[in-house]
Amino acid sequence: MSSATDSRSGPAMAQESAVQRFFRATEIDTRLLGMIGALALIWVGMDLIGVWKSSGFTLNPRTLWDNSIFLSSRNLWNLLVQTSAIAVMSTGMVLIIVMRHIDLSVGSMLSFIGVVIGVEQVYGLSPTLGATSPVIWIIAVLSALALGAFIGGVNGYLVAYAGIPSFIVTLGGLIVYNGLAWWVIRGETVAPMDANFELIGGTPRGAWIGSAASWILGGLACAGIVWGLIANRSARQRFRFPQRPVWAEVFLGVMGSVLIIGTVAVVNSYAWPPKVVEAYAKDHAITVPPEGLTFGHGFAIPVLITVAIGFLMTFIAGRTAFGRYVYAIGGNPEAAELAGVNTKWMTLCMFSLMGVLTAVAACITSARLDAASNSLGQTNELYVIAATVIGGTSLAGGVGTIYGAMLGALVMQSLQSGMTLLNFDSAVRDVVVGSVLVFAVWLDQIYRRRQG
Amino acid sequence: METQTQTATATFADGRKPLVEMRDISIAFGGIKAVDHASVELYPGEVVGLLGHNGAGKSTLIKILSGAYPRDHGDIFIKGERAEINNPRDAKKYGIETIYQTLALADNVDAAANLFLGRELRTRWGTLDDVAMEAAAREVMGRLNPNFRRFKEPVKKLSGGQRQSVAIARAIHFNANILIMDEPTAALGPQETKQVADLTLQLKKTGIGIFLISHDIHDVFELSDRVSVMKNGRIVGTAKVKDVTKDEVLGMIILGKCPAGAIPGPGALQS
């Protein structure tokens with residue numbers, strides 16, 4: 001314990017309550033905890049309201065969990081898939097906002113990239129390479145990423161080198177890319193996407209990895225957490241820096257593992273629909289036994305992509321000079337420039353990275369719909385920014401975390417799909433989601449003021 | 001004016017080559033000539049005090065040397081060679097380090113991150129080596145401010161003096177040839193001010209050149225070998241500290257009157 005109190009003086013420590021001591025020792029972000037609490041509240045609340053409505057407005061404690069709709073594995077599985085695109089974009093939006101910029105163009109950029117690769121697949125690649133060609137999806141994804149990097153780069157160039165405020169550049173971009181998307185597709189809907197490409201969206205069979213692979217991934221993730229904690233501890237030991245107490249390390253390891261194992265259990269307990277099992281049995285010449293076959297979905301590919309991007313972006317933000325500069329520029333742009341950071345180049349790169357992430361989201365969204373139209377991604381910029389802000393990112397710059405934004409995206413999506421499940425009017429949904437955004441930021445302000 | 005520069009060099013040089021020579025520097029913001037044909041030079045192992053009222057152009061002149069402002073006119077020579085300084089990165093390549101009056105710290109990151117900003121230590125995989133940077137920060141901060149313990153906190157939570165020591169640590173950690181100190185003791189108490197003074201003398205012994213900007217004339221007299229006084233963007237005059245009195249220097253600052261012991265510049269009162 002004493003080794004972890006490096007930064008505080010003795011008397012201050014003595015006055016701390018057990019709870020405060022716990023949070024300091026484990027270095028858990030209390031805001032993160034608040035968000036998880038809010039999420040739990042939404043989930044349980046949505047579920048209870050659903051049960052209450054479906055059982056004729058009575059609550060029977062004994063059958064309470066039997067009629068779960070929101071907290072069913074099926075809904076939670078879908079919730080994760082639905083969150084993917086927004087969560088991917090929010091990881092970039094955090095860093096944009098941390099740098100004191102904004103990107104309002106991501107929604108229509110998504111739309112434009114989506115229709116370009118849709119047209120490319122349907123009218124370009126499929127006729128020339130043959131509809132079953134295995135390289136179509138690779139070309140489509142790579143061209144999406146390249147296009148995203150380029151469009152984002154244009155945004156970034158105008159902000160950094162032409163000195164136009166990012167709000168204006170990307171507001172213009174919102175309108176321009178919307179127009180371009182319409183221009184490419186003229187209001188049509190192109191479909192279907194390439195069969196391999198569709199897997200990115202998580203809809204068809206083969207777009208989820210199954211129980212066994214999910215357990216293996218979960219196990220690897222748990223091992224990764226333990227390894228990370230040990231590696232960090234030994235590095236700090238080598239330099240004789242203050243360390244977390246052992247009980248705190250163990251607590252973090254156990255909590256992380258429980259969370260991962262719980263998630264794996266949920267996605268695995270969502271069984272394939274009977275029709276899919278039938279088709280699978282037919283394809284693989286398996287006779288279905290009388291009691292039926294059960295296959296768990298496991299993680300969907302878009303969810304895995306999102307998690308991978310979350311890790312990658314967290315790594316970039318925390319472990320690379322690029323990430324360090326993003327935060328330093330957000331803290332004090334002049335100071336970063338005077339310290340020798342090439343702030344203009346950094347701005348260009350950051351917007352370009354935002355474009356790449358938008359391209360990933362465009363692939364997920366169009367693959368999930370199995371179609372591309374210019375209505376794809378419309379108003380997504382608002383949800384991305386809202387998710388980022390709910391996740392604790394300060395619009396004043398300098399403050400924000402990747403995991404916070406991703407959780408924010410999950411909160412937004414939980415509200416949306418929860419109310420859809422409960423048959424709320426879409427107008428009511430909008431009113432609630434908008435109010436929650438404002439309320440969340442207000443709570444956050446109070447919290448920050450009290451923290452000082 | 002060129003001849004004045006030459007004389008200035010000749011009187012002090014003792015045959016040594018100047019470390020820095022800023023010749024005939026001008027910069028204007030809008031219609032205001034913030035620095036107007038100013039020339040200064042700095043020799044190895046020397047402290048030159050830059051004096052003048054607020055708005056006299058001291059900080060601006062020095063920010064041209066550190067690459068923060070692009071100059072409109074004039075040349076900079078480092079060790080006799082014409083130097084291309086267009087941004088702070090260029091200046092750092094010449095070994096020019098600056099402690100800015102505003103400290104220029106990124107408030108939201110910790111001391112080590114500020115210390116190494118723009119020059120991060122990397123692991124062999126190219127990622128940030130935070131542990132090594134924290135170790136180096138502990139070492140250099142230990143010399144400047146032995147009681148400092150708050151390595152994990154963003155610098156915005158630190159006291160004025162602690163923030164100042166982070167800024168000073170950043171300037172001295174990278175073996176500067178030329179150190180610019182713009183009001184380095186503005187946020188410090190008497191004891192820390194003394195520490196900075198000791199540090200200045202210690203650095204001077206290692207042969208680096210220091211520009212010291214201050215409007216505290218006593219500080220400057222104690223630490224400097226020479227003083228240059230600016231008024232309205234122009235150099236009033238330059239003098240060895242032992243050749244002039246404080247009153248004479250005050251006369252230079254307030255009236256622009258150049259005394260007999262000083263070499264007059266273009267800003268000197270003509271009478």
# chains A, B, ... in the order shown; residues from 1 in each chain; ligands from 1

call {"tool": "residues_around", "arguments": {"residues": "A:Ser214", "least_positions_apart": "5", "cutoff": "7 Å", "atoms": "only C-alpha atoms", "output": "short mmCIF file (atom, residue, chain, number, x, y, z; two decimals) with C-alpha atoms, in the first residue's frame"}}
result
data_model
loop_
_atom_site.label_atom_id
_atom_site.label_comp_id
_atom_site.auth_asym_id
_atom_site.auth_seq_id
_atom_site.Cartn_x
_atom_site.Cartn_y
_atom_site.Cartn_z
CA ILE A 209 -17.22 -17.55 -35.65
CA VAL A 264 -18.40 -15.01 -24.60
CA GLY A 298 -20.26 -16.81 -31.07
CA PHE A 299 -18.79 -13.41 -31.97
#

call {"tool": "select_by_dssp", "arguments": {"residues": "stretch 55-89 of chain B", "states": "strand (DSSP E or B)", "output": "PyMOL selection string"}}
result
chain B and resi 73-78+81-82

call {"tool": "write_last_selection", "arguments": {"atoms": "C-alpha atoms", "output": "compact mmCIF listing (two decimals), in the first residue's frame"}}
result
# COMPACT_ATOMS: atom_id res chain seq x y z
CA HIS B 73 14.27 40.64 -42.42
CA GLY B 74 17.76 39.85 -41.20
CA ASP B 75 20.04 36.85 -40.74
CA ILE B 76 20.90 34.43 -37.97
CA PHE B 77 24.38 32.94 -37.73
CA ILE B 78 25.15 29.99 -35.49
CA GLU B 81 27.36 29.80 -40.30
CA ARG B 82 24.10 31.17 -41.67

call {"tool": "closest_atom_pairs", "arguments": {"of": "chain A", "to": "chain B", "cutoff": "8 Å", "atoms": "only C-alpha atoms", "output": "Markdown table"}}
result
| residue | atom | partner | partner_atom | distance |
| --- | --- | --- | --- | --- |
| A:Asp6 | CA | B:Arg149 | CA | 6.7 |
| A:Ser7 | CA | B:Arg150 | CA | 5.1 |
| A:Ala235 | CA | B:Val131 | CA | 7.1 |
| A:Arg236 | CA | B:Val131 | CA | 7.0 |
| A:Phe239 | CA | B:Ala135 | CA | 6.9 |
| A:Arg319 | CA | B:Leu128 | CA | 5.2 |
| A:Thr320 | CA | B:Thr127 | CA | 5.0 |
| A:Ala321 | CA | B:Leu128 | CA | 6.3 |
| A:Arg324 | CA | B:Ala113 | CA | 7.8 |
| A:Tyr325 | CA | B:Leu117 | CA | 7.6 |
| A:Tyr327 | CA | B:Asn108 | CA | 7.4 |
| A:Ala328 | CA | B:Ala106 | CA | 5.2 |
| A:Ile329 | CA | B:Ala106 | CA | 7.3 |
| A:Gly331 | CA | B:Ala106 | CA | 4.9 |
| A:Asn332 | CA | B:Ala106 | CA | 4.9 |
| A:Pro333 | CA | B:Ala106 | CA | 7.9 |
| A:Glu334 | CA | B:Ala104 | CA | 7.0 |
| A:Ala335 | CA | B:Ala104 | CA | 4.3 |
| A:Ala336 | CA | B:Ala106 | CA | 6.8 |
| A:Glu337 | CA | B:Pro88 | CA | 7.1 |
| A:Leu338 | CA | B:Pro88 | CA | 5.5 |
| A:Ala339 | CA | B:Gly118 | CA | 5.9 |
| A:Gly340 | CA | B:Arg89 | CA | 4.6 |
| A:Val341 | CA | B:Gly118 | CA | 5.2 |
| A:Gly398 | CA | B:Asn108 | CA | 6.2 |
| A:Val399 | CA | B:Asn108 | CA | 7.4 |

call {"tool": "write_last_selection", "arguments": {"atoms": "C-alpha atoms", "output": "mmCIF file, in the first residue's frame"}}
result
data_model
loop_
_atom_site.group_PDB
_atom_site.id
_atom_site.type_symbol
_atom_site.label_atom_id
_atom_site.label_comp_id
_atom_site.auth_asym_id
_atom_site.auth_seq_id
_atom_site.Cartn_x
_atom_site.Cartn_y
_atom_site.Cartn_z
ATOM 1 C CA ASP A 6 3.884 8.216 -3.859
ATOM 2 C CA SER A 7 1.937 11.203 -5.108
ATOM 3 C CA ALA A 235 8.693 -2.860 -15.831
ATOM 4 C CA ARG A 236 7.814 -0.589 -12.909
ATOM 5 C CA PHE A 239 12.856 1.142 -12.339
ATOM 6 C CA ARG A 319 1.650 3.922 -26.802
ATOM 7 C CA THR A 320 2.765 5.867 -29.865
ATOM 8 C CA ALA A 321 4.208 9.329 -30.394
ATOM 9 C CA ARG A 324 0.963 11.557 -27.459
ATOM 10 C CA TYR A 325 1.024 14.473 -29.913
ATOM 11 C CA TYR A 327 -3.275 14.811 -26.677
ATOM 12 C CA ALA A 328 -0.511 17.410 -26.343
ATOM 13 C CA ILE A 329 -1.953 19.443 -29.222
ATOM 14 C CA GLY A 331 -3.889 20.406 -24.266
ATOM 15 C CA ASN A 332 -2.022 23.351 -25.732
ATOM 16 C CA PRO A 333 -1.576 23.681 -29.502
ATOM 17 C CA GLU A 334 0.999 26.480 -29.234
ATOM 18 C CA ALA A 335 3.063 24.536 -26.716
ATOM 19 C CA ALA A 336 3.056 21.457 -28.937
ATOM 20 C CA GLU A 337 4.214 23.519 -31.898
ATOM 21 C CA LEU A 338 6.943 25.207 -29.823
ATOM 22 C CA ALA A 339 8.065 21.806 -28.532
ATOM 23 C CA GLY A 340 8.736 20.831 -32.123
ATOM 24 C CA VAL A 341 5.597 18.859 -32.968
ATOM 25 C CA GLY A 398 -7.297 17.482 -24.552
ATOM 26 C CA VAL A 399 -9.505 14.997 -22.711
#

call {"tool": "residues_around", "arguments": {"residues": "B:Gly207", "least_positions_apart": "4", "cutoff": "10 Å", "atoms": "only C-alpha atoms", "output": "ChimeraX atom specification"}}
result
/B:43-46,177-178,202-203

call {"tool": "residues_around", "arguments": {"residues": "stretch 413-426 of chain A", "least_positions_apart": "5", "cutoff": "10 Å", "atoms": "only C-alpha atoms", "output": "PyMOL selection string"}}
result
chain A and resi 39+42-43+45-47+49-51+53-54+69-71+75-76+78-80+82-84+86-87+383+387+407-408+431-433+436

call {"tool": "atom_distance", "arguments": {"atom1": "atom CA of B:Ser214", "atom2": "atom CA of B:Ala167"}}
result
16.4 Å
